[in-house]
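Here is the file entry09.pdb (PDB, N, CA and C atoms).
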ATOM      1  N   MET R   1     -24.288  10.274 -19.147  1.00  0.00           N
ATOM      2  CA  MET R   1     -23.982   9.051 -18.415  1.00  0.00           C
ATOM      3  C   MET R   1     -22.608   8.547 -18.857  1.00  0.00           C
ATOM      4  N   PHE R   2     -21.870   7.957 -17.929  1.00  0.00           N
ATOM      5  CA  PHE R   2     -20.538   7.442 -18.227  1.00  0.00           C
ATOM      6  C   PHE R   2     -20.643   6.090 -18.936  1.00  0.00           C
ATOM      7  N   PRO R   3     -19.791   5.861 -19.906  1.00  0.00           N
ATOM      8  CA  PRO R   3     -19.787   4.529 -20.540  1.00  0.00           C
ATOM      9  C   PRO R   3     -19.139   3.519 -19.595  1.00  0.00           C
ATOM     10  N   PHE R   4     -19.765   2.397 -19.439  1.00  0.00           N
ATOM     11  CA  PHE R   4     -19.255   1.368 -18.552  1.00  0.00           C
ATOM     12  C   PHE R   4     -18.715   0.206 -19.372  1.00  0.00           C
ATOM     13  N   PHE R   5     -17.652  -0.389 -18.864  1.00  0.00           N
ATOM     14  CA  PHE R   5     -17.062  -1.558 -19.509  1.00  0.00           C
ATOM     15  C   PHE R   5     -17.923  -2.770 -19.200  1.00  0.00           C
ATOM     16  N   GLN R   6     -18.288  -3.506 -20.217  1.00  0.00           N
ATOM     17  CA  GLN R   6     -19.130  -4.684 -20.052  1.00  0.00           C
ATOM     18  C   GLN R   6     -18.250  -5.929 -19.983  1.00  0.00           C
ATOM     19  N   PHE R   7     -18.170  -6.536 -18.807  1.00  0.00           N
ATOM     20  CA  PHE R   7     -17.335  -7.710 -18.643  1.00  0.00           C
ATOM     21  C   PHE R   7     -17.900  -8.938 -19.349  1.00  0.00           C
ATOM     22  N   GLY R   8     -19.182  -8.966 -19.614  1.00  0.00           N
ATOM     23  CA  GLY R   8     -19.778 -10.098 -20.304  1.00  0.00           C
ATOM     24  C   GLY R   8     -19.226 -10.268 -21.711  1.00  0.00           C
ATOM     25  N   ASP R   9     -18.892  -9.166 -22.375  1.00  0.00           N
ATOM     26  CA  ASP R   9     -18.314  -9.228 -23.715  1.00  0.00           C
ATOM     27  C   ASP R   9     -16.867  -9.705 -23.692  1.00  0.00           C
ATOM     28  N   MET R  10     -16.224  -9.547 -22.565  1.00  0.00           N
ATOM     29  CA  MET R  10     -14.818  -9.929 -22.470  1.00  0.00           C
ATOM     30  C   MET R  10     -14.641 -11.444 -22.514  1.00  0.00           C
ATOM     31  N   PHE R  11     -15.614 -12.187 -22.019  1.00  0.00           N
ATOM     32  CA  PHE R  11     -15.495 -13.636 -21.951  1.00  0.00           C
ATOM     33  C   PHE R  11     -16.479 -14.327 -22.886  1.00  0.00           C
ATOM     34  N   ASN R  12     -16.607 -13.811 -24.069  1.00  0.00           N
ATOM     35  CA  ASN R  12     -17.484 -14.370 -25.077  1.00  0.00           C
ATOM     36  C   ASN R  12     -16.809 -15.593 -25.699  1.00  0.00           C
ATOM     37  N   ASP R  13     -17.537 -16.670 -25.851  1.00  0.00           N
ATOM     38  CA  ASP R  13     -16.974 -17.889 -26.432  1.00  0.00           C
ATOM     39  C   ASP R  13     -16.660 -17.745 -27.917  1.00  0.00           C
ATOM     40  N   LYS R  14     -17.260 -16.784 -28.591  1.00  0.00           N
ATOM     41  CA  LYS R  14     -17.062 -16.625 -30.023  1.00  0.00           C
ATOM     42  C   LYS R  14     -15.741 -15.934 -30.356  1.00  0.00           C
ATOM     43  N   THR R  15     -15.158 -15.245 -29.398  1.00  0.00           N
ATOM     44  CA  THR R  15     -13.879 -14.567 -29.631  1.00  0.00           C
ATOM     45  C   THR R  15     -12.832 -15.112 -28.676  1.00  0.00           C
ATOM     46  N   LEU R  16     -11.590 -15.066 -29.091  1.00  0.00           N
ATOM     47  CA  LEU R  16     -10.505 -15.547 -28.246  1.00  0.00           C
ATOM     48  C   LEU R  16      -9.759 -14.388 -27.581  1.00  0.00           C
ATOM     49  N   GLY R  17     -10.348 -13.222 -27.548  1.00  0.00           N
ATOM     50  CA  GLY R  17      -9.713 -12.071 -26.927  1.00  0.00           C
ATOM     51  C   GLY R  17      -9.454 -12.268 -25.448  1.00  0.00           C
ATOM     52  N   SER R  18     -10.356 -12.962 -24.777  1.00  0.00           N
ATOM     53  CA  SER R  18     -10.170 -13.185 -23.341  1.00  0.00           C
ATOM     54  C   SER R  18      -8.975 -14.096 -23.076  1.00  0.00           C
ATOM     55  N   LEU R  19      -8.701 -15.025 -23.999  1.00  0.00           N
ATOM     56  CA  LEU R  19      -7.558 -15.911 -23.827  1.00  0.00           C
ATOM     57  C   LEU R  19      -6.253 -15.124 -23.894  1.00  0.00           C
ATOM     58  N   GLY R  20      -6.151 -14.212 -24.818  1.00  0.00           N
ATOM     59  CA  GLY R  20      -4.961 -13.383 -24.933  1.00  0.00           C
ATOM     60  C   GLY R  20      -4.768 -12.485 -23.722  1.00  0.00           C
ATOM     61  N   MET R  21      -5.856 -11.913 -23.222  1.00  0.00           N
ATOM     62  CA  MET R  21      -5.773 -11.067 -22.035  1.00  0.00           C
ATOM     63  C   MET R  21      -5.377 -11.887 -20.803  1.00  0.00           C
ATOM     64  N   THR R  22      -5.854 -13.117 -20.724  1.00  0.00           N
ATOM     65  CA  THR R  22      -5.489 -13.985 -19.610  1.00  0.00           C
ATOM     66  C   THR R  22      -4.009 -14.332 -19.662  1.00  0.00           C
ATOM     67  N   LYS R  23      -3.494 -14.645 -20.840  1.00  0.00           N
ATOM     68  CA  LYS R  23      -2.068 -14.949 -20.991  1.00  0.00           C
ATOM     69  C   LYS R  23      -1.217 -13.745 -20.614  1.00  0.00           C
ATOM     70  N   LEU R  24      -1.615 -12.563 -21.055  1.00  0.00           N
ATOM     71  CA  LEU R  24      -0.881 -11.347 -20.729  1.00  0.00           C
ATOM     72  C   LEU R  24      -0.890 -11.084 -19.224  1.00  0.00           C
ATOM     73  N   GLY R  25      -2.038 -11.260 -18.600  1.00  0.00           N
ATOM     74  CA  GLY R  25      -2.143 -11.074 -17.154  1.00  0.00           C
ATOM     75  C   GLY R  25      -1.271 -12.051 -16.381  1.00  0.00           C
ATOM     76  N   LEU R  26      -1.247 -13.305 -16.804  1.00  0.00           N
ATOM     77  CA  LEU R  26      -0.399 -14.296 -16.151  1.00  0.00           C
ATOM     78  C   LEU R  26       1.077 -13.997 -16.346  1.00  0.00           C
ATOM     79  N   MET R  27       1.450 -13.531 -17.528  1.00  0.00           N
ATOM     80  CA  MET R  27       2.839 -13.178 -17.777  1.00  0.00           C
ATOM     81  C   MET R  27       3.287 -12.058 -16.835  1.00  0.00           C
ATOM     82  N   TYR R  28       2.460 -11.019 -16.724  1.00  0.00           N
ATOM     83  CA  TYR R  28       2.784  -9.926 -15.805  1.00  0.00           C
ATOM     84  C   TYR R  28       2.849 -10.421 -14.364  1.00  0.00           C
ATOM     85  N   PHE R  29       1.948 -11.302 -13.987  1.00  0.00           N
ATOM     86  CA  PHE R  29       1.936 -11.859 -12.641  1.00  0.00           C
ATOM     87  C   PHE R  29       3.247 -12.584 -12.337  1.00  0.00           C
ATOM     88  N   TYR R  30       3.705 -13.442 -13.257  1.00  0.00           N
ATOM     89  CA  TYR R  30       4.947 -14.178 -13.029  1.00  0.00           C
ATOM     90  C   TYR R  30       6.148 -13.239 -12.954  1.00  0.00           C
ATOM     91  N   TYR R  31       6.170 -12.224 -13.800  1.00  0.00           N
ATOM     92  CA  TYR R  31       7.270 -11.266 -13.744  1.00  0.00           C
ATOM     93  C   TYR R  31       7.274 -10.508 -12.418  1.00  0.00           C
ATOM     94  N   PHE R  32       6.132 -10.034 -11.949  1.00  0.00           N
ATOM     95  CA  PHE R  32       6.083  -9.289 -10.698  1.00  0.00           C
ATOM     96  C   PHE R  32       6.442 -10.160  -9.502  1.00  0.00           C
ATOM     97  N   ILE R  33       6.007 -11.417  -9.492  1.00  0.00           N
ATOM     98  CA  ILE R  33       6.389 -12.330  -8.411  1.00  0.00           C
ATOM     99  C   ILE R  33       7.897 -12.550  -8.434  1.00  0.00           C
ATOM    100  N   SER R  34       8.469 -12.687  -9.609  1.00  0.00           N
ATOM    101  CA  SER R  34       9.906 -12.868  -9.727  1.00  0.00           C
ATOM    102  C   SER R  34      10.663 -11.627  -9.254  1.00  0.00           C
ATOM    103  N   PHE R  35      10.190 -10.435  -9.639  1.00  0.00           N
ATOM    104  CA  PHE R  35      10.833  -9.188  -9.202  1.00  0.00           C
ATOM    105  C   PHE R  35      10.747  -9.053  -7.685  1.00  0.00           C
ATOM    106  N   PHE R  36       9.573  -9.304  -7.135  1.00  0.00           N
ATOM    107  CA  PHE R  36       9.389  -9.182  -5.691  1.00  0.00           C
ATOM    108  C   PHE R  36      10.287 -10.157  -4.944  1.00  0.00           C
ATOM    109  N   SER R  37      10.348 -11.404  -5.399  1.00  0.00           N
ATOM    110  CA  SER R  37      11.173 -12.412  -4.722  1.00  0.00           C
ATOM    111  C   SER R  37      12.642 -12.015  -4.736  1.00  0.00           C
ATOM    112  N   ALA R  38      13.140 -11.568  -5.883  1.00  0.00           N
ATOM    113  CA  ALA R  38      14.546 -11.165  -5.986  1.00  0.00           C
ATOM    114  C   ALA R  38      14.844  -9.964  -5.104  1.00  0.00           C
ATOM    115  N   ASP R  39      13.973  -8.969  -5.118  1.00  0.00           N
ATOM    116  CA  ASP R  39      14.192  -7.788  -4.281  1.00  0.00           C
ATOM    117  C   ASP R  39      14.118  -8.134  -2.802  1.00  0.00           C
ATOM    118  N   PHE R  40      13.213  -9.009  -2.432  1.00  0.00           N
ATOM    119  CA  PHE R  40      13.086  -9.423  -1.039  1.00  0.00           C
ATOM    120  C   PHE R  40      14.359 -10.133  -0.581  1.00  0.00           C
ATOM    121  N   ILE R  41      14.894 -11.000  -1.426  1.00  0.00           N
ATOM    122  CA  ILE R  41      16.114 -11.732  -1.072  1.00  0.00           C
ATOM    123  C   ILE R  41      17.307 -10.786  -0.999  1.00  0.00           C
ATOM    124  N   HIS R  42      17.357  -9.772  -1.855  1.00  0.00           N
ATOM    125  CA  HIS R  42      18.464  -8.813  -1.796  1.00  0.00           C
ATOM    126  C   HIS R  42      18.371  -7.918  -0.565  1.00  0.00           C
ATOM    127  N   VAL R  43      17.177  -7.595  -0.105  1.00  0.00           N
ATOM    128  CA  VAL R  43      17.008  -6.773   1.097  1.00  0.00           C
ATOM    129  C   VAL R  43      17.253  -7.601   2.361  1.00  0.00           C
ATOM    130  N   PHE R  44      16.787  -8.855   2.357  1.00  0.00           N
ATOM    131  CA  PHE R  44      16.957  -9.749   3.500  1.00  0.00           C
ATOM    132  C   PHE R  44      17.784 -10.956   3.053  1.00  0.00           C
ATOM    133  N   PRO R  45      19.124 -10.845   3.047  1.00  0.00           N
ATOM    134  CA  PRO R  45      19.978 -11.903   2.483  1.00  0.00           C
ATOM    135  C   PRO R  45      19.845 -13.266   3.163  1.00  0.00           C
ATOM    136  N   TYR R  46      19.429 -13.300   4.417  1.00  0.00           N
ATOM    137  CA  TYR R  46      19.300 -14.588   5.101  1.00  0.00           C
ATOM    138  C   TYR R  46      18.183 -15.439   4.509  1.00  0.00           C
ATOM    139  N   THR R  47      17.280 -14.863   3.744  1.00  0.00           N
ATOM    140  CA  THR R  47      16.205 -15.642   3.121  1.00  0.00           C
ATOM    141  C   THR R  47      16.681 -16.422   1.892  1.00  0.00           C
ATOM    142  N   LYS R  48      17.894 -16.125   1.438  1.00  0.00           N
ATOM    143  CA  LYS R  48      18.427 -16.844   0.270  1.00  0.00           C
ATOM    144  C   LYS R  48      18.611 -18.329   0.579  1.00  0.00           C
ATOM    145  N   ASN R  49      18.948 -18.650   1.820  1.00  0.00           N
ATOM    146  CA  ASN R  49      19.100 -20.066   2.197  1.00  0.00           C
ATOM    147  C   ASN R  49      17.787 -20.820   2.025  1.00  0.00           C
ATOM    148  N   THR R  50      16.696 -20.206   2.421  1.00  0.00           N
ATOM    149  CA  THR R  50      15.380 -20.828   2.250  1.00  0.00           C
ATOM    150  C   THR R  50      15.053 -20.993   0.773  1.00  0.00           C
ATOM    151  N   PHE R  51      15.374 -19.975  -0.024  1.00  0.00           N
ATOM    152  CA  PHE R  51      15.133 -20.050  -1.468  1.00  0.00           C
ATOM    153  C   PHE R  51      15.918 -21.203  -2.083  1.00  0.00           C
ATOM    154  N   GLU R  52      17.160 -21.384  -1.658  1.00  0.00           N
ATOM    155  CA  GLU R  52      17.999 -22.431  -2.243  1.00  0.00           C
ATOM    156  C   GLU R  52      17.630 -23.829  -1.768  1.00  0.00           C
ATOM    157  N   GLU R  53      16.764 -23.940  -0.764  1.00  0.00           N
ATOM    158  CA  GLU R  53      16.251 -25.248  -0.349  1.00  0.00           C
ATOM    159  C   GLU R  53      15.093 -25.715  -1.234  1.00  0.00           C
ATOM    160  N   LEU R  54      14.541 -24.823  -2.027  1.00  0.00           N
ATOM    161  CA  LEU R  54      13.462 -25.189  -2.955  1.00  0.00           C
ATOM    162  C   LEU R  54      13.991 -26.136  -4.019  1.00  0.00           C
ATOM    163  N   PRO R  55      13.128 -26.941  -4.627  1.00  0.00           N
ATOM    164  CA  PRO R  55      13.565 -27.766  -5.763  1.00  0.00           C
ATOM    165  C   PRO R  55      14.115 -26.881  -6.891  1.00  0.00           C
ATOM    166  N   LEU R  56      15.034 -27.436  -7.642  1.00  0.00           N
ATOM    167  CA  LEU R  56      15.722 -26.689  -8.692  1.00  0.00           C
ATOM    168  C   LEU R  56      14.748 -26.085  -9.701  1.00  0.00           C
ATOM    169  N   LEU R  57      13.727 -26.819 -10.073  1.00  0.00           N
ATOM    170  CA  LEU R  57      12.747 -26.314 -11.038  1.00  0.00           C
ATOM    171  C   LEU R  57      12.022 -25.082 -10.504  1.00  0.00           C
ATOM    172  N   HIS R  58      11.697 -25.074  -9.215  1.00  0.00           N
ATOM    173  CA  HIS R  58      11.038 -23.913  -8.615  1.00  0.00           C
ATOM    174  C   HIS R  58      11.976 -22.712  -8.575  1.00  0.00           C
ATOM    175  N   GLN R  59      13.244 -22.947  -8.248  1.00  0.00           N
ATOM    176  CA  GLN R  59      14.215 -21.855  -8.236  1.00  0.00           C
ATOM    177  C   GLN R  59      14.339 -21.217  -9.614  1.00  0.00           C
ATOM    178  N   ILE R  60      14.421 -22.037 -10.628  1.00  0.00           N
ATOM    179  CA  ILE R  60      14.573 -21.525 -11.989  1.00  0.00           C
ATOM    180  C   ILE R  60      13.334 -20.766 -12.424  1.00  0.00           C
ATOM    181  N   SER R  61      12.158 -21.317 -12.147  1.00  0.00           N
ATOM    182  CA  SER R  61      10.930 -20.656 -12.595  1.00  0.00           C
ATOM    183  C   SER R  61      10.656 -19.360 -11.838  1.00  0.00           C
ATOM    184  N   ILE R  62      11.212 -19.187 -10.636  1.00  0.00           N
ATOM    185  CA  ILE R  62      11.057 -17.928  -9.913  1.00  0.00           C
ATOM    186  C   ILE R  62      12.111 -16.920 -10.351  1.00  0.00           C
ATOM    187  N   SER R  63      13.343 -17.353 -10.513  1.00  0.00           N
ATOM    188  CA  SER R  63      14.426 -16.397 -10.756  1.00  0.00           C
ATOM    189  C   SER R  63      14.664 -16.070 -12.229  1.00  0.00           C
ATOM    190  N   PHE R  64      14.295 -16.944 -13.138  1.00  0.00           N
ATOM    191  CA  PHE R  64      14.621 -16.719 -14.551  1.00  0.00           C
ATOM    192  C   PHE R  64      13.905 -15.518 -15.170  1.00  0.00           C
ATOM    193  N   PRO R  65      12.599 -15.302 -14.923  1.00  0.00           N
ATOM    194  CA  PRO R  65      11.986 -14.093 -15.494  1.00  0.00           C
ATOM    195  C   PRO R  65      12.648 -12.805 -15.005  1.00  0.00           C
ATOM    196  N   ASN R  66      13.071 -12.795 -13.761  1.00  0.00           N
ATOM    197  CA  ASN R  66      13.769 -11.641 -13.208  1.00  0.00           C
ATOM    198  C   ASN R  66      15.096 -11.422 -13.923  1.00  0.00           C
ATOM    199  N   LYS R  67      15.844 -12.499 -14.137  1.00  0.00           N
ATOM    200  CA  LYS R  67      17.138 -12.406 -14.819  1.00  0.00           C
ATOM    201  C   LYS R  67      16.965 -11.931 -16.256  1.00  0.00           C
ATOM    202  N   MET R  68      15.952 -12.421 -16.937  1.00  0.00           N
ATOM    203  CA  MET R  68      15.743 -12.042 -18.332  1.00  0.00           C
ATOM    204  C   MET R  68      15.319 -10.575 -18.461  1.00  0.00           C
ATOM    205  N   ALA R  69      14.497 -10.102 -17.552  1.00  0.00           N
ATOM    206  CA  ALA R  69      13.980  -8.738 -17.658  1.00  0.00           C
ATOM    207  C   ALA R  69      14.946  -7.696 -17.113  1.00  0.00           C
ATOM    208  N   ARG R  70      15.673  -8.031 -16.055  1.00  0.00           N
ATOM    209  CA  ARG R  70      16.472  -7.027 -15.366  1.00  0.00           C
ATOM    210  C   ARG R  70      17.968  -7.215 -15.504  1.00  0.00           C
ATOM    211  N   GLY R  71      18.424  -8.359 -15.985  1.00  0.00           N
ATOM    212  CA  GLY R  71      19.855  -8.578 -16.186  1.00  0.00           C
ATOM    213  C   GLY R  71      20.492  -9.399 -15.073  1.00  0.00           C
ATOM    214  N   ASP R  72      21.759  -9.714 -15.264  1.00  0.00           N
ATOM    215  CA  ASP R  72      22.488 -10.589 -14.341  1.00  0.00           C
ATOM    216  C   ASP R  72      22.696  -9.979 -12.961  1.00  0.00           C
ATOM    217  N   GLU R  73      22.794  -8.661 -12.866  1.00  0.00           N
ATOM    218  CA  GLU R  73      23.062  -8.045 -11.567  1.00  0.00           C
ATOM    219  C   GLU R  73      21.903  -8.210 -10.584  1.00  0.00           C
ATOM    220  N   TYR R  74      20.708  -8.516 -11.073  1.00  0.00           N
ATOM    221  CA  TYR R  74      19.551  -8.739 -10.203  1.00  0.00           C
ATOM    222  C   TYR R  74      19.243 -10.220 -10.015  1.00  0.00           C
ATOM    223  N   SER R  75      20.098 -11.078 -10.517  1.00  0.00           N
ATOM    224  CA  SER R  75      19.859 -12.515 -10.427  1.00  0.00           C
ATOM    225  C   SER R  75      19.934 -12.985  -8.976  1.00  0.00           C
ATOM    226  N   ILE R  76      19.056 -13.897  -8.602  1.00  0.00           N
ATOM    227  CA  ILE R  76      19.051 -14.429  -7.235  1.00  0.00           C
ATOM    228  C   ILE R  76      20.200 -15.410  -7.056  1.00  0.00           C
ATOM    229  N   ASN R  77      20.268 -16.379  -7.934  1.00  0.00           N
ATOM    230  CA  ASN R  77      21.380 -17.330  -7.945  1.00  0.00           C
ATOM    231  C   ASN R  77      21.527 -17.855  -9.374  1.00  0.00           C
ATOM    232  N   ASP R  78      22.465 -18.739  -9.557  1.00  0.00           N
ATOM    233  CA  ASP R  78      22.722 -19.267 -10.901  1.00  0.00           C
ATOM    234  C   ASP R  78      22.150 -20.670 -11.062  1.00  0.00           C
ATOM    235  N   SER R  79      20.951 -20.884 -10.579  1.00  0.00           N
ATOM    236  CA  SER R  79      20.329 -22.206 -10.650  1.00  0.00           C
ATOM    237  C   SER R  79      20.082 -22.640 -12.091  1.00  0.00           C
ATOM    238  N   TRP R  80      19.896 -21.708 -13.004  1.00  0.00           N
ATOM    239  CA  TRP R  80      19.638 -22.043 -14.403  1.00  0.00           C
ATOM    240  C   TRP R  80      20.855 -22.724 -15.045  1.00  0.00           C
ATOM    241  N   LYS R  81      22.056 -22.537 -14.492  1.00  0.00           N
ATOM    242  CA  LYS R  81      23.250 -23.158 -15.055  1.00  0.00           C
ATOM    243  C   LYS R  81      23.248 -24.665 -14.836  1.00  0.00           C
ATOM    244  N   ALA R  82      22.462 -25.140 -13.885  1.00  0.00           N
ATOM    245  CA  ALA R  82      22.399 -26.576 -13.605  1.00  0.00           C
ATOM    246  C   ALA R  82      21.710 -27.343 -14.729  1.00  0.00           C
ATOM    247  N   LEU R  83      21.033 -26.626 -15.621  1.00  0.00           N
ATOM    248  CA  LEU R  83      20.345 -27.290 -16.737  1.00  0.00           C
ATOM    249  C   LEU R  83      21.306 -27.850 -17.759  1.00  0.00           C
ATOM    250  N   GLY R  84      22.519 -27.304 -17.801  1.00  0.00           N
ATOM    251  CA  GLY R  84      23.519 -27.853 -18.710  1.00  0.00           C
ATOM    252  C   GLY R  84      23.913 -26.989 -19.796  1.00  0.00           C
TER     253      GLY R  84
END
Final structure tokens representation of the file:
Amino acid sequence: MFPFFQFGDMFNDKTLGSLGMTKLGLMYFYYFISFFSADFIHVFPYTKNTFEELPLLHQISISFPNKMARGDEYSINDSWKALG
């Protein structure tokens, strides 16, 4: 018989392992959303105007993980410079 992963053990209140896995999953999620958004804007440049209509905080939180992971050449815009 094949060993099956027991999800009940993953969310046990006695261990904090599920909290770490949740943080890791969210981190990957934010990075992938940032990568997708930047690539979409580079493929369809007219969507950059819509992106720049977003509040500054939203622009930074979408584009900054992409800039940190992939470098300046993949940056959507320089909204992070507005922070000072």
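Picked by the PyMOL selection byres (((chain R and resi 31-42 and name CA) around 9) and name CA) from the coordinates shown: Leu26, Met27, Tyr28, Phe29, Tyr30, Val43, Phe44, Pro45, Tyr46, Thr47, Lys48, Phe51, Ser61, Ile62, Ser63, Phe64, Pro65, Asn66, Lys67, Ala69, Arg70, Tyr74, Ser75 and Ile76 of chain R.
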Using the chain letters and residue numbers of this document, give as a list in words the residues selected by the PyMOL selection byres ((chain R and resi 79) around 8). Leu56, Leu57, Gln59, Ile60, Ser63, Ile76, Asn77, Asp78, Trp80, Lys81, Ala82, Leu83 and Gly84 of chain R
Box for range 26-42 of chain R - axis-aligned, 6 Å on each of the six sides, all listed atoms - centre and size in Å to one decimal, as lines of an AutoDock Vina configuration file.
center_x = 8.6
center_y = -11.0
center_z = -9.2
size_x = 31.7
size_y = 18.5
size_z = 29.2
As an NGL selection string, please: every residue in range 11-66 of chain R that DSSP puts in alpha helix (DSSP H). :R and (17-43 or 48-52 or 56-66)
Atom C of Thr22 in chain R and CA of Gly71 in chain R are how many Å apart?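 Calculated distance between atom C of Thr22 in chain R and CA of Gly71 in chain R is 24.8 Å.
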In Å, with one decimal, what is the gap from atom C of Lys23 in chain R to atom N of His58 in chain R?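 Atom N of His58 in chain R lies 20.6 Å from atom C of Lys23 in chain R.
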